[in-house]
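Enquirer: Supplied structure: structure18.cif, mmCIF, C-alpha atoms.
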data_coords
#
loop_
_atom_site.label_atom_id
_atom_site.label_comp_id
_atom_site.auth_asym_id
_atom_site.auth_seq_id
_atom_site.Cartn_x
_atom_site.Cartn_y
_atom_site.Cartn_z
CA MET B 7 0.00 0.00 0.00
CA MET B 8 1.11 3.57 -0.53
CA ARG B 9 3.20 5.05 2.28
CA THR B 10 2.03 8.67 2.07
CA PRO B 11 -1.54 9.09 0.87
CA HIS B 12 -1.52 10.75 -2.53
CA VAL B 13 -3.99 13.32 -3.67
CA VAL B 14 -5.18 11.70 -6.89
CA VAL B 15 -6.80 13.53 -9.79
CA VAL B 16 -8.89 11.12 -11.86
CA MET B 17 -8.75 12.63 -15.35
CA GLY B 18 -9.94 11.92 -18.88
CA VAL B 19 -12.48 12.97 -21.45
CA ALA B 20 -16.18 13.03 -20.57
CA GLY B 21 -17.68 9.57 -20.32
CA THR B 22 -14.53 7.70 -19.25
CA GLY B 23 -15.98 7.05 -15.80
CA LYS B 24 -14.31 9.66 -13.59
CA THR B 25 -17.44 10.04 -11.42
CA THR B 26 -17.76 6.24 -11.11
CA ILE B 27 -14.09 5.32 -10.60
CA GLY B 28 -13.20 8.32 -8.40
CA PRO B 29 -15.42 7.34 -5.43
CA LEU B 30 -14.45 3.65 -5.76
CA LEU B 31 -10.76 4.55 -5.76
CA ALA B 32 -11.22 6.89 -2.79
CA ALA B 33 -13.04 4.17 -0.85
CA ARG B 34 -10.28 1.65 -1.55
CA LEU B 35 -7.63 4.20 -0.49
CA GLY B 36 -9.63 5.26 2.58
CA VAL B 37 -9.63 8.95 1.62
CA PRO B 38 -12.37 11.49 0.74
CA TYR B 39 -13.67 11.98 -2.79
CA ALA B 40 -14.59 15.31 -4.35
CA GLU B 41 -16.62 15.55 -7.57
CA GLY B 42 -14.79 17.90 -9.92
CA ASP B 43 -18.01 19.04 -11.59
CA ASP B 44 -19.13 20.50 -8.25
CA PHE B 45 -16.30 23.06 -8.48
CA HIS B 46 -17.66 24.54 -11.75
CA PRO B 47 -19.24 27.99 -11.57
CA GLU B 48 -22.88 28.08 -12.74
CA ALA B 49 -21.86 29.90 -15.93
CA ASN B 50 -19.69 26.93 -16.97
CA ILE B 51 -22.49 24.43 -16.38
CA ALA B 52 -24.88 26.60 -18.41
CA LYS B 53 -22.42 26.70 -21.32
CA MET B 54 -21.81 22.94 -21.29
CA THR B 55 -25.53 22.20 -20.98
CA ALA B 56 -26.06 24.34 -24.09
CA GLY B 57 -23.39 22.30 -25.92
CA ILE B 58 -20.86 25.16 -25.91
CA PRO B 59 -17.28 24.04 -25.18
CA LEU B 60 -15.56 25.90 -22.36
CA GLU B 61 -12.70 28.27 -23.14
CA ASP B 62 -9.51 28.27 -21.07
CA GLU B 63 -10.71 31.48 -19.37
CA ASP B 64 -13.78 29.55 -18.17
CA ARG B 65 -11.61 26.77 -16.78
CA TRP B 66 -9.07 28.73 -14.70
CA PRO B 67 -11.38 29.48 -11.72
CA TRP B 68 -12.59 25.87 -11.82
CA LEU B 69 -9.05 24.47 -11.85
CA ASP B 70 -8.02 26.88 -9.08
CA ALA B 71 -10.91 25.64 -6.91
CA ILE B 72 -9.92 21.99 -7.49
CA GLY B 73 -6.27 22.88 -6.82
CA ALA B 74 -7.21 24.55 -3.53
CA TRP B 75 -9.13 21.43 -2.44
CA ALA B 76 -6.16 19.22 -3.42
CA ARG B 77 -3.71 21.48 -1.56
CA GLY B 78 -5.89 21.19 1.54
CA ARG B 79 -5.65 17.38 1.34
CA THR B 80 -1.82 17.32 0.96
CA GLY B 81 -0.29 14.69 3.23
CA ARG B 82 -3.71 13.26 4.06
CA GLY B 83 -4.77 12.02 0.64
CA GLY B 84 -7.87 12.46 -1.42
CA VAL B 85 -9.37 11.76 -4.82
CA VAL B 86 -10.91 14.40 -7.07
CA SER B 87 -12.23 14.14 -10.61
CA SER B 88 -11.24 16.65 -13.29
CA SER B 89 -11.03 16.24 -17.04
CA ALA B 90 -7.55 17.91 -16.87
CA LEU B 91 -7.32 17.44 -20.63
CA LYS B 92 -4.45 19.84 -21.34
CA ARG B 93 -0.94 19.86 -19.94
CA SER B 94 -1.46 23.53 -18.98
CA TYR B 95 -4.47 22.54 -16.84
CA ARG B 96 -2.49 19.81 -15.08
CA ASP B 97 0.44 22.21 -14.58
CA ARG B 98 -1.97 24.66 -12.94
CA LEU B 99 -3.31 21.94 -10.62
CA ARG B 100 0.27 20.86 -9.76
CA ALA B 101 1.24 24.48 -9.05
CA ALA B 102 -1.57 24.63 -6.47
CA ALA B 103 -0.88 21.16 -5.03
CA PRO B 104 2.61 19.97 -6.02
CA GLY B 105 2.20 16.42 -4.70
CA ILE B 106 -0.80 15.39 -6.79
CA VAL B 107 -0.73 12.43 -9.14
CA PHE B 108 -2.99 11.76 -12.09
CA VAL B 109 -4.96 8.65 -13.02
CA HIS B 110 -5.80 9.10 -16.70
CA LEU B 111 -8.80 6.96 -17.65
CA THR B 112 -8.29 6.03 -21.29
CA GLY B 113 -10.49 4.34 -23.83
CA ASP B 114 -11.32 4.52 -27.52
CA ARG B 115 -13.90 7.00 -28.73
CA GLU B 116 -16.48 4.33 -29.62
CA LEU B 117 -16.48 2.85 -26.10
CA VAL B 118 -16.65 6.30 -24.48
CA GLU B 119 -19.52 7.41 -26.74
CA ARG B 120 -21.45 4.20 -25.99
CA ARG B 121 -21.06 4.80 -22.24
CA MET B 122 -22.07 8.45 -22.57
CA ALA B 123 -25.19 7.50 -24.52
CA ASN B 124 -26.29 5.36 -21.55
CA ARG B 125 -25.87 8.14 -18.98
CA ARG B 126 -28.87 9.96 -17.59
CA GLY B 127 -29.07 13.35 -15.95
CA HIS B 128 -25.59 14.57 -16.89
CA PHE B 129 -25.05 18.00 -18.44
CA MET B 130 -22.30 17.00 -20.92
CA PRO B 131 -23.86 16.09 -24.28
CA THR B 132 -22.14 13.53 -26.51
CA ALA B 133 -21.84 16.29 -29.13
CA LEU B 134 -18.97 17.75 -27.09
CA LEU B 135 -17.02 14.48 -27.19
CA ASP B 136 -15.17 15.42 -30.40
CA SER B 137 -13.93 18.66 -28.83
CA GLN B 138 -12.85 16.71 -25.73
CA PHE B 139 -10.77 14.24 -27.76
CA ALA B 140 -9.35 17.10 -29.87
CA THR B 141 -8.29 18.95 -26.71
CA LEU B 142 -6.84 15.91 -24.90
CA GLN B 143 -3.08 15.97 -24.34
CA PRO B 144 -2.16 12.63 -22.74
CA LEU B 145 0.13 12.54 -19.71
CA GLN B 146 3.76 13.16 -20.58
CA PRO B 147 6.62 11.06 -19.14
CA ASP B 148 7.62 13.88 -16.77
CA GLU B 149 4.11 14.14 -15.28
CA PRO B 150 3.38 12.12 -12.13
CA GLY B 151 0.62 9.75 -13.06
CA VAL B 152 -0.61 6.61 -14.74
CA ALA B 153 -2.86 5.76 -17.68
CA VAL B 154 -5.57 3.19 -16.91
CA ASP B 155 -7.64 1.45 -19.56
CA ILE B 156 -11.42 1.76 -19.05
CA SER B 157 -12.45 -1.60 -20.47
CA GLY B 158 -14.18 -3.94 -18.05
CA THR B 159 -16.21 -3.34 -14.92
CA PRO B 160 -15.76 -0.36 -12.57
CA GLU B 161 -14.23 -2.77 -10.03
CA GLU B 162 -11.67 -4.04 -12.60
CA ILE B 163 -10.78 -0.48 -13.63
CA THR B 164 -10.36 0.55 -9.97
CA ALA B 165 -8.12 -2.47 -9.28
CA ARG B 166 -5.94 -1.53 -12.30
CA ALA B 167 -5.71 2.06 -11.04
CA LEU B 168 -4.69 0.93 -7.54
CA ALA B 169 -2.00 -1.40 -8.91
CA ALA B 170 -0.65 1.35 -11.18
CA LEU B 171 -0.56 3.85 -8.29
CA GLU B 172 1.35 1.38 -6.11
CA ASP B 173 3.93 1.09 -8.90
CA LEU B 174 4.44 4.89 -8.72
CA ASP B 175 5.77 4.69 -5.15
#
Render the structure in this file as structure tokens.
Expert:
Amino acid sequence: MMRTPHVVVVMGVAGTGKTTIGPLLAARLGVPYAEGDDFHPEANIAKMTAGIPLEDEDRWPWLDAIGAWARGRTGRGGVVSSSALKRSYRDRLRAAAPGIVFVHLTGDRELVERRMANRRGHFMPTALLDSQFATLQPLQPDEPGVAVDISGTPEEITARALAALEDLD
């Protein structure tokens, strides 16, 4: 098991299962979970609901709020979801909370779209999926984190994420 509890950011495009895997991972690690979408200002949710992709200017206050939560959990651990699609977004989160690590949930577009089509009551329409994949900059070798394939059950994905995190230590 990990010696010092990490603050983990579960990242990936919409529909990869951040809101499903995040709480499962937090429970297995024995740390709190925070839903990244809850940090969005109302204006951002209104834009996304209308199918309008967010601009970077829309994202900075959101990322700063997530970063502040992560900084507050430093040394105690926590899991938070955030798409964190661009390197600049992850750099901003790391600047706020230098010890964070990323779990990038990865899957092909067809699988993600199929999962999104089955979701109910979520504000992100599948129409924005193309812009999400276009924006995505995968983790670079110098970024602390792991890529985890999203095939299989939530329990299988969570187990893969835990094993990959243990390999980071």
Enquirer: Within 9 Å of Ala32 (chain B), counting all atoms listed in the file, which residues qualify if same-chain residues fewer than 6 places away don't, as JSON, numbers by chain?
Expert: {"B": [14, 38, 39, 83, 84, 85, 86]}
Enquirer: Between CA of Ala56 (chain B) and CA of Ser137 (chain B), what distance in Å does the model show, to one decimal?
Expert: 14.2 Å
Enquirer: I would like the residues chosen by the PyMOL selection byres ((chain B and resi 69) around 12) on the shown file; could you give them as a VMD selection string?
Expert: chain B and resid 15 42 to 47 62 to 68 70 to 77 86 to 92 94 to 103
Enquirer: For CA of Gly28 (chain B) and CA of Pro11 (chain B), quote the distance in Å rounded to one decimal.
Expert: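 One can read the CA of Gly28 (chain B) to CA of Pro11 (chain B) distance as 14.9 Å.
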Enquirer: To test your reading of the syntax: which residues would the PyMOL selection byres ((chain B and resi 20) around 8) return for the file shown? Reply as a ChimeraX atom specification.
Expert: /B:18-19,21-24,89,118,122,130,135,138
Enquirer: From the set B:Ala170, B:Ala49, B:Leu134, B:Val37, which residue has the shortest atom-to-atom contact distance to Gly151 (chain B), counting all atoms listed in the file?
Expert: B:Ala170
Enquirer: With distances taken over all atoms listed in the file, which of B:Pro150, B:Gly105, B:Gly81, B:Gly158 is nearest to Leu117 (chain B)?
Expert: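 With all atoms listed in the file as the atom set, the closest residue is B:Gly158.
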Enquirer: What's the separation between CA of Glu41 (chain B) and CA of Arg120 (chain B), in Å to one decimal place?
Expert: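 CA of Glu41 (chain B) sits 22.2 Å away from CA of Arg120 (chain B).
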Enquirer: Counting all atoms listed in the file, select every polymer residue within 7 Å of (-4.3, 9.2, -13.4) as defined in the file's coordinates, and provide the selection as a PyMOL selection string.
Expert: chain B and resi 15-17+107-111+151-153
Enquirer: Once 4 Å is added on each side, what are the centre and the three edge lengths, in Å to one decimal, of the axis-aligned box enclosing the listed atoms of region 36-42 of chain B? Present them as lines of an AutoDock Vina configuration file.
Expert:
center_x = -13.1
center_y = 11.6
center_z = -3.7
size_x = 15.0
size_y = 20.6
size_z = 20.5
Enquirer: What residues come out when you apply the PyMOL selection byres ((chain B and resi 113) around 6) to this file, written as number ranges by chain?
Expert: B: 112, 114, 155-156
Enquirer: Taking only C-alpha atoms into account, name the residue in B:Val154, B:Ile27, B:Leu60, B:Leu142 that is nearest to Ala167 (chain B).
Expert: B:Val154
Enquirer: Taking into account only C-alpha atoms, which residue in the set B:Arg79, B:Asp148, B:Gly57, B:Thr164 is nearest to Asp136 (chain B)?
Expert: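 The shortest atom-to-atom distance to Asp136 (chain B) comes from B:Gly57.
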